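Novice: Sharing query_10.cif, mmCIF, C-alpha atoms:
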```
data_target
#
loop_
_atom_site.label_atom_id
_atom_site.label_comp_id
_atom_site.auth_asym_id
_atom_site.auth_seq_id
_atom_site.Cartn_x
_atom_site.Cartn_y
_atom_site.Cartn_z
CA MET A 1 -58.85 -88.97 8.55
CA LEU A 2 -55.55 -88.89 10.46
CA THR A 3 -55.76 -86.93 13.70
CA LEU A 4 -52.87 -85.75 15.87
CA ASP A 5 -53.96 -84.61 19.32
CA ASN A 6 -51.20 -83.06 21.46
CA LEU A 7 -48.90 -85.75 20.08
CA THR A 8 -45.62 -85.88 21.98
CA TYR A 9 -42.66 -88.23 21.71
CA ARG A 10 -39.37 -88.37 23.57
CA TYR A 11 -36.64 -90.94 22.89
CA LYS A 12 -35.17 -92.68 25.92
CA LYS A 13 -32.14 -90.91 27.43
CA SER A 14 -32.98 -87.75 25.48
CA LYS A 15 -33.83 -84.49 27.22
CA LYS A 16 -35.26 -83.02 24.02
CA LEU A 17 -38.73 -83.84 22.69
CA ALA A 18 -38.63 -85.34 19.20
CA ILE A 19 -42.29 -84.35 18.70
CA ASP A 20 -43.70 -81.60 20.89
CA CYS A 21 -47.51 -81.41 21.34
CA ALA A 22 -48.42 -81.69 17.65
CA THR A 23 -52.10 -81.20 16.83
CA ALA A 24 -53.60 -81.43 13.33
CA GLU A 25 -56.17 -83.15 11.14
CA ILE A 26 -54.86 -84.56 7.87
CA GLY A 27 -57.32 -85.73 5.24
CA PRO A 28 -57.08 -87.16 1.73
CA GLY A 29 -54.51 -85.83 -0.73
CA ILE A 30 -50.75 -85.85 -1.22
CA HIS A 31 -49.05 -83.86 1.54
CA LEU A 32 -45.45 -82.65 1.62
CA LEU A 33 -43.80 -83.09 5.04
CA LEU A 34 -41.24 -80.28 5.33
CA GLY A 35 -38.53 -79.80 7.92
CA GLU A 36 -34.80 -79.51 8.49
CA ASN A 37 -32.61 -82.49 9.38
CA GLY A 38 -33.57 -83.59 12.89
CA ALA A 39 -36.93 -81.80 12.78
CA GLY A 40 -38.78 -85.01 13.70
CA LYS A 41 -40.13 -86.02 10.28
CA THR A 42 -39.12 -89.69 10.40
CA THR A 43 -40.24 -89.96 14.02
CA LEU A 44 -43.65 -88.57 13.06
CA LEU A 45 -43.99 -91.03 10.18
CA HIS A 46 -43.08 -93.94 12.47
CA ILE A 47 -45.71 -92.84 15.00
CA MET A 48 -48.30 -92.57 12.22
CA ALA A 49 -47.37 -96.08 11.08
CA GLY A 50 -47.74 -97.50 14.60
CA LEU A 51 -44.04 -98.30 14.95
CA LEU A 52 -43.59 -95.92 17.88
CA THR A 53 -45.92 -95.33 20.82
CA PRO A 54 -46.45 -91.67 21.75
CA THR A 55 -45.03 -90.48 25.07
CA ALA A 56 -48.20 -88.40 25.41
CA GLY A 57 -51.16 -87.48 23.25
CA THR A 58 -52.50 -89.59 20.40
CA CYS A 59 -52.22 -90.33 16.71
CA LEU A 60 -55.59 -91.59 15.51
CA MET A 61 -56.66 -93.12 12.22
CA ASP A 62 -60.44 -92.88 12.12
CA ASN A 63 -60.49 -92.61 15.94
CA TYR A 64 -58.25 -95.66 16.54
CA PRO A 65 -54.72 -95.13 17.94
CA THR A 66 -52.22 -96.39 15.37
CA SER A 67 -49.95 -97.44 18.26
CA LEU A 68 -52.37 -100.27 19.10
CA ARG A 69 -51.47 -101.86 15.74
CA LEU A 70 -54.95 -103.30 15.31
CA PRO A 71 -55.16 -105.52 12.21
CA GLU A 72 -58.11 -103.51 10.89
CA ILE A 73 -55.93 -100.37 10.99
CA MET A 74 -52.59 -101.89 9.93
CA ASN A 75 -54.09 -103.26 6.71
CA ARG A 76 -55.10 -99.72 5.75
CA LEU A 77 -51.67 -98.10 6.01
CA PHE A 78 -48.15 -98.70 4.74
CA LEU A 79 -44.78 -97.04 5.33
CA VAL A 80 -41.93 -96.97 2.83
CA SER A 81 -38.90 -96.06 4.93
CA ASP A 82 -35.54 -94.83 3.69
CA ASN A 83 -33.65 -98.01 4.65
CA MET A 84 -36.41 -100.60 4.21
CA SER A 85 -35.35 -104.11 3.22
CA ILE A 86 -37.48 -106.77 1.49
CA PRO A 87 -37.01 -110.34 2.82
CA SER A 88 -37.76 -112.11 -0.47
CA ARG A 89 -36.04 -113.15 -3.69
CA ASN A 90 -37.96 -110.61 -5.74
CA ILE A 91 -40.88 -108.22 -5.41
CA ASN A 92 -43.35 -110.69 -6.95
CA SER A 93 -42.56 -113.37 -4.35
CA PHE A 94 -42.81 -110.73 -1.62
CA ALA A 95 -46.27 -109.77 -2.87
CA GLN A 96 -47.39 -113.41 -2.79
CA VAL A 97 -46.77 -113.69 0.98
CA HIS A 98 -47.37 -110.08 2.07
CA ALA A 99 -50.18 -108.61 -0.04
CA CYS A 100 -52.78 -111.01 1.41
CA PHE A 101 -52.90 -108.77 4.49
CA TYR A 102 -54.04 -105.77 2.39
CA PRO A 103 -57.59 -106.15 1.07
CA ASN A 104 -57.23 -103.43 -1.58
CA PHE A 105 -54.11 -104.86 -3.20
CA ASP A 106 -54.28 -104.74 -7.01
CA ALA A 107 -52.01 -107.28 -8.74
CA ASP A 108 -52.64 -105.75 -12.16
CA LEU A 109 -51.64 -102.35 -10.82
CA LEU A 110 -48.39 -103.80 -9.46
CA LYS A 111 -47.61 -105.27 -12.88
CA SER A 112 -48.37 -101.93 -14.55
CA ASN A 113 -46.27 -99.95 -12.06
CA LEU A 114 -43.31 -102.28 -12.50
CA ALA A 115 -43.62 -102.05 -16.28
CA ASP A 116 -43.50 -98.26 -16.05
CA PHE A 117 -40.17 -98.63 -14.24
CA GLY A 118 -38.95 -101.11 -16.86
CA MET A 119 -39.25 -104.13 -14.55
CA THR A 120 -41.16 -107.41 -14.43
CA GLY A 121 -40.94 -108.06 -10.68
CA SER A 122 -38.85 -111.21 -11.15
CA GLU A 123 -35.52 -109.41 -10.93
CA PRO A 124 -33.40 -110.63 -7.95
CA LEU A 125 -33.51 -108.00 -5.23
CA LYS A 126 -30.02 -108.83 -3.96
CA GLN A 127 -28.53 -107.93 -7.34
CA MET A 128 -30.28 -104.56 -7.57
CA SER A 129 -28.86 -101.15 -6.89
CA MET A 130 -30.45 -99.09 -4.13
CA GLY A 131 -32.42 -97.08 -6.68
CA THR A 132 -33.76 -100.15 -8.49
CA ARG A 133 -34.84 -101.76 -5.21
CA ARG A 134 -36.57 -98.52 -4.33
CA LYS A 135 -38.49 -98.59 -7.64
CA ALA A 136 -39.67 -102.15 -6.98
CA LEU A 137 -40.82 -101.26 -3.45
CA LEU A 138 -42.62 -98.10 -4.56
CA ALA A 139 -44.37 -100.00 -7.35
CA TYR A 140 -45.59 -102.50 -4.76
CA ALA A 141 -46.54 -99.92 -2.11
CA LEU A 142 -48.71 -98.01 -4.56
CA ALA A 143 -50.41 -101.24 -5.68
CA LEU A 144 -51.51 -101.92 -2.08
CA ARG A 145 -53.94 -98.98 -2.43
CA THR A 146 -53.89 -98.30 1.31
CA GLU A 147 -55.91 -95.44 2.70
CA LEU A 148 -52.73 -94.02 4.29
CA LEU A 149 -49.37 -94.25 2.50
CA LEU A 150 -46.27 -92.85 4.20
CA LEU A 151 -43.19 -92.22 2.02
CA ASP A 152 -39.89 -91.32 3.67
CA GLU A 153 -37.49 -89.86 1.05
CA PRO A 154 -39.11 -91.88 -1.77
CA THR A 155 -36.84 -90.53 -4.54
CA ASN A 156 -33.54 -91.40 -2.83
CA GLY A 157 -31.40 -93.30 -5.32
CA LEU A 158 -33.72 -92.69 -8.26
CA ASP A 159 -32.34 -91.22 -11.48
CA ILE A 160 -34.06 -88.38 -13.34
CA THR A 161 -36.14 -90.68 -15.54
CA ALA A 162 -37.27 -92.80 -12.59
CA LYS A 163 -38.33 -89.67 -10.68
CA GLN A 164 -40.44 -88.58 -13.63
CA LYS A 165 -41.99 -92.04 -13.84
CA LEU A 166 -42.76 -92.00 -10.12
CA GLN A 167 -44.59 -88.73 -10.50
CA GLN A 168 -46.69 -90.22 -13.31
CA ILE A 169 -47.39 -93.40 -11.34
CA LEU A 170 -48.45 -91.45 -8.25
CA ALA A 171 -50.80 -89.29 -10.33
CA ARG A 172 -52.34 -92.43 -11.83
CA CYS A 173 -52.55 -94.59 -8.72
CA ILE A 174 -53.63 -92.26 -5.91
CA SER A 175 -57.40 -91.88 -5.57
CA ASP A 176 -59.30 -88.98 -4.03
CA GLU A 177 -59.92 -91.10 -0.91
CA GLN A 178 -56.25 -91.85 -0.17
CA THR A 179 -53.87 -89.87 2.05
CA VAL A 180 -50.19 -89.80 1.09
CA ILE A 181 -47.55 -88.08 3.23
CA VAL A 182 -44.18 -87.52 1.54
CA SER A 183 -41.13 -86.58 3.59
CA THR A 184 -38.40 -85.27 1.29
CA HIS A 185 -35.76 -82.57 0.95
CA THR A 186 -36.00 -82.64 -2.86
CA VAL A 187 -39.42 -81.01 -3.07
CA TRP A 188 -39.19 -80.44 -6.82
CA ASP A 189 -39.24 -84.18 -7.63
CA LEU A 190 -43.03 -84.40 -7.10
CA LEU A 191 -43.67 -80.69 -7.42
CA ASN A 192 -47.02 -80.73 -9.22
CA LEU A 193 -48.69 -83.31 -6.99
CA TYR A 194 -48.80 -81.76 -3.53
CA ASP A 195 -52.22 -80.90 -2.12
CA GLY A 196 -50.99 -79.85 1.32
CA VAL A 197 -48.00 -78.96 3.48
CA ILE A 198 -47.10 -80.28 6.93
CA ALA A 199 -44.19 -78.29 8.37
CA LEU A 200 -42.05 -79.38 11.33
CA SER A 201 -39.14 -77.63 13.00
CA GLN A 202 -37.25 -78.88 16.06
CA GLY A 203 -40.14 -81.18 16.92
CA LYS A 204 -42.77 -78.44 16.68
CA LEU A 205 -45.61 -78.76 14.19
CA LEU A 206 -45.69 -75.31 12.59
CA THR A 207 -48.63 -75.83 10.27
CA ALA A 208 -50.69 -78.44 8.44
CA GLN A 209 -52.63 -76.72 5.69
CA SER A 210 -53.76 -77.38 2.14
CA THR A 211 -51.89 -75.62 -0.66
CA TRP A 212 -55.22 -73.93 -1.48
CA GLU A 213 -55.39 -72.39 1.99
CA ILE A 214 -51.74 -71.27 1.95
CA THR A 215 -52.01 -69.54 -1.44
CA ARG A 216 -55.12 -67.67 -0.26
CA ARG A 217 -52.99 -66.17 2.51
CA LEU A 218 -49.56 -65.87 0.91
CA ALA A 219 -48.31 -64.99 -2.58
CA PHE A 220 -45.01 -66.25 -3.97
CA VAL A 221 -43.55 -63.77 -6.45
CA THR A 222 -40.39 -63.29 -8.53
CA SER A 223 -39.32 -59.92 -9.93
CA GLN A 224 -36.29 -57.90 -11.03
CA LEU A 225 -37.15 -55.13 -8.55
CA PRO A 226 -37.26 -55.41 -4.75
CA PRO A 227 -40.83 -56.09 -3.60
CA VAL A 228 -42.60 -53.60 -1.36
CA SER A 229 -42.93 -54.71 2.29
CA PRO A 230 -42.28 -58.43 1.77
CA LEU A 231 -42.81 -60.94 4.55
CA TYR A 232 -39.68 -62.72 3.31
CA VAL A 233 -37.33 -62.05 0.40
CA GLU A 234 -34.15 -63.57 -1.04
CA GLN A 235 -32.07 -62.59 -4.05
CA GLN A 236 -30.68 -65.05 -6.57
CA LEU A 237 -29.04 -64.36 -9.92
CA GLY A 238 -30.31 -60.80 -10.00
CA LEU A 239 -33.92 -61.77 -9.23
CA PHE A 240 -35.90 -61.18 -6.05
CA ARG A 241 -37.99 -64.12 -4.83
CA ALA A 242 -40.42 -63.06 -2.15
CA ILE A 243 -43.41 -64.01 -0.04
CA VAL A 244 -46.02 -61.27 0.33
CA PRO A 245 -49.63 -61.17 1.56
CA ALA A 246 -51.90 -62.78 -1.04
CA ASP A 247 -54.43 -61.07 -3.23
CA PRO A 248 -57.44 -63.42 -2.91
CA GLU A 249 -58.47 -62.56 -6.46
CA SER A 250 -55.07 -63.47 -7.96
CA PRO A 251 -53.56 -66.46 -6.13
CA THR A 252 -50.06 -67.61 -7.11
CA ASN A 253 -48.52 -71.04 -7.23
CA LEU A 254 -46.92 -72.22 -4.01
CA ASP A 255 -43.12 -72.12 -4.13
CA PHE A 256 -42.26 -74.96 -1.73
CA THR A 257 -38.53 -74.22 -1.67
CA LEU A 258 -39.12 -70.54 -0.93
CA LEU A 259 -41.58 -71.46 1.82
CA TYR A 260 -39.07 -73.88 3.36
CA ASN A 261 -36.34 -71.21 3.30
CA ALA A 262 -38.69 -68.71 4.92
CA LEU A 263 -39.53 -71.18 7.69
CA GLN A 264 -35.81 -71.50 8.44
CA SER A 265 -35.37 -67.71 8.66
CA GLN A 266 -36.19 -64.98 11.17
CA ALA A 267 -39.41 -64.43 9.21
CA ARG A 268 -40.77 -67.79 10.38
CA ASP A 269 -43.12 -66.48 13.05
CA ILE A 270 -44.85 -63.96 10.78
CA ILE A 271 -45.11 -66.51 7.95
CA ILE A 272 -46.67 -69.11 10.26
CA SER A 273 -48.99 -66.51 11.74
CA MET A 274 -50.22 -65.62 8.26
CA ILE A 275 -50.64 -69.26 7.20
CA ASN A 276 -52.57 -70.26 10.30
CA LYS A 277 -54.87 -67.25 10.56
CA PRO A 278 -58.57 -67.87 9.69
CA LEU A 279 -59.64 -67.17 6.14
CA ASN A 280 -62.26 -64.50 5.60
CA THR A 281 -64.43 -66.76 3.51
CA ASN A 282 -67.16 -69.34 3.93
CA SER A 283 -65.36 -71.67 1.53
CA HIS A 284 -62.98 -74.12 3.12
CA ALA A 285 -60.82 -76.94 1.87
CA ASP A 286 -59.82 -79.55 4.43
CA ILE A 287 -56.20 -80.63 4.29
#
```
Translate this file's structure into C-alpha cells.

Specialist:
Amino acid sequence: MLTLDNLTYRYKKSKKLAIDCATAEIGPGIHLLLGENGAGKTTLLHIMAGLLTPTAGTCLMDNYPTSLRLPEIMNRLFLVSDNMSIPSRNINSFAQVHACFYPNFDADLLKSNLADFGMTGSEPLKQMSMGTRRKALLAYALALRTELLLLDEPTNGLDITAKQKLQQILARCISDEQTVIVSTHTVWDLLNLYDGVIALSQGKLLTAQSTWEITRRLAFVTSQLPPVSPLYVEQQLGLFRAIVPADPESPTNLDFTLLYNALQSQARDIIISMINKPLNTNSHADI
C-alpha cells in the first residue's frame, strides 16, 4: 500500500508548491495519473520513488518513508522516467549487474518481453532509436516484478505496433499484488488496463479513486441530442459527449479523455465533488 499523508513539495527558489498537501491511499492495480503540463505528475512520481524528499508530510510504502531509500524498500519499487539512460552496452548486460538488487526479477520474463518487442536484449543501446531503447527498458522494468512500478510517459517514442505490444505485455506481467502508476497524456494507449485514476492539477491532488468507484458516481454518455442537466458536456462532429450522474444499475465505461477535459473546465469542482462523495453501498473497492 502506498500512502500519501499531507504530502507537500516545493522546489528551491520557487514560491509555488509543486505538490500541495496530497493525501491518498493507493493499492494494487494499474492507475492512470492525470494532469495538465506542470500539474506535478513527475514530481509526485519522483517522491514516490524516493528521489525527492518531501518538504512536509510523508509518502509511505508499507509505513516506511520512500525518501529514506531503505534497501528493503528500494528493491520493491522501480521508476521508468521519460529521459532515463542505461549505462550498459545492452539491456542484457545491464540486467546482469542491476537485477541482483531486485529479488523478484524473472530472467525468463525479460527474455519473453524482449521477444514480444522483436528483440533479443543483445542489441547495442547506443545504436537504438529512442523508441527502441524505451522498449528494452520497459521489457526489463516489467521483468523486475516490483511491488510498485512507476511509469512516466511510457509510450513516448513507441510506434503503434509497439504500443499494442506494451498493452499485451502489461496485461500478462502485472499481478494482482502489484501497483503500477502510469503518467501519460495519451490515455488511449493503455485504455483497457486502468483500474484507477489519480488526478492532479496545479499541485493539488483532486482525487484518487478506482474506476469502479468513479463509474458508480458518474456516467459517460454519447448521443445525438443534448443531454438533460449534464454535469459537463462537449460537442464533437455532431455528437454530444457528456458526464451525468450515474445510474447505479447501469454503469458506463469510464471515458478518460472526457474526464480529463471536464477536470480542466469550470465543471471541475462539481465533478470532483461527485467523484469524492461517499457511495451509498456497503460494497467498496480500494484503489

Novice: For region 181-197 of chain A, find every residue with an atom within 6 Å (counting only C-alpha atoms), except residues of its own chain fewer than 5 positions away, and show them as a VMD selection string.

Specialist: chain A and resid 29 to 33 150 to 153 167 208 to 211

Novice: Report, in Å with one decimal, the straight-line distance from CA of Leu225 (chain A) to CA of Leu34 (chain A).

Specialist: 29.0 Å

Novice: I'd like to know which of A:Leu218, A:Met274, A:Leu258, A:Ala139 is closest to Leu206 (chain A), using only C-alpha atoms.

Specialist: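 For Leu206 (chain A), the nearest of the given residues is A:Met274.
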
Novice: Just to confirm, what's the straight-line distance from CA of Leu149 (chain A) to CA of Gly40 (chain A) in Å (one decimal)?

Specialist: 18.0 Å

Novice: Write out as a PyMOL selection string each polymer residue whose atoms come within 8 Å of Ile19 (chain A), counting all atoms listed in the file; drop sequence neighbours fewer than 5 positions from it.

Specialist: chain A and resi 7-10+40+43-44+202-205

Novice: What gap, in Å, lies between CA of Ala267 (chain A) and CA of Leu231 (chain A)?

Specialist: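 Going from CA of Ala267 (chain A) over to CA of Leu231 (chain A), I get 6.7 Å.
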
Novice: Carefully work through the PyMOL selection byres ((chain A and resi 74-85) around 8) for this structure and note down the residues it includes, as a list in words.

Specialist: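 On this input, the PyMOL selection byres ((chain A and resi 74-85) around 8) captures Leu45, His46, Ala49, Thr66, Arg69, Leu70, Pro71, Glu72, Ile73, Ile86, Pro87, Phe101, Tyr102, Pro103, Leu137, Leu138, Ala141, Thr146, Glu147, Leu148, Leu149, Leu150, Leu151, Asp152, Glu153, Pro154 and Asn156 of chain A.
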
Novice: Could you pull the residues within 12 Å of Ser112 (chain A), counting only C-alpha atoms, minus those fewer than 2 positions along the same chain, as a list in words?

Specialist: Asp106, Ala107, Asp108, Leu109, Leu110, Leu114, Ala115, Asp116, Phe117, Gly118, Met119, Thr120, Gly121, Ala136, Ala139, Tyr140, Leu142, Ala143, Lys165, Gln168, Ile169, Arg172 and Cys173 of chain A

Novice: I would like the residues chosen by the PyMOL selection byres ((chain A and resi 252) around 8) on the shown file; could you give them as a ChimeraX atom specification?

Specialist: /A:215,219-221,246,250-251,253-254

Novice: Mind telling me what the PyMOL selection byres ((chain A and resi 239) around 10) catches here, as a PyMOL selection string?

Specialist: chain A and resi 222-226+234-238+240-242

Novice: With distances taken over all atoms listed in the file, which residue among A:Met128, A:Leu144, A:Val180, A:Ala18 lies nearest Ala99 (chain A)?

Specialist: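 Comparing A:Met128, A:Leu144, A:Val180, A:Ala18 against Ala99 (chain A), the winner is A:Leu144.
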
Novice: In terms of the shortest atom-to-atom distance over all atoms listed in the file, which of A:Leu259, A:Ile174, A:Ile214, A:Leu52 is closest to Ser67 (chain A)?

Specialist: A:Leu52

Novice: Kindly indicate which residue among A:Asp159, A:Leu200, A:Lys111, A:Ala171 lies nearest to Ser129 (chain A), using all atoms listed in the file for the distances.

Specialist: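 Smallest separation from Ser129 (chain A) among the options: A:Asp159.
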
Novice: Closest to Tyr64 (chain A) among A:Gln164, A:Ser201, A:Gln127, A:Thr3, using all atoms listed in the file?

Specialist: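 Using all atoms listed in the file, the shortest distance to Tyr64 (chain A) belongs to A:Thr3.
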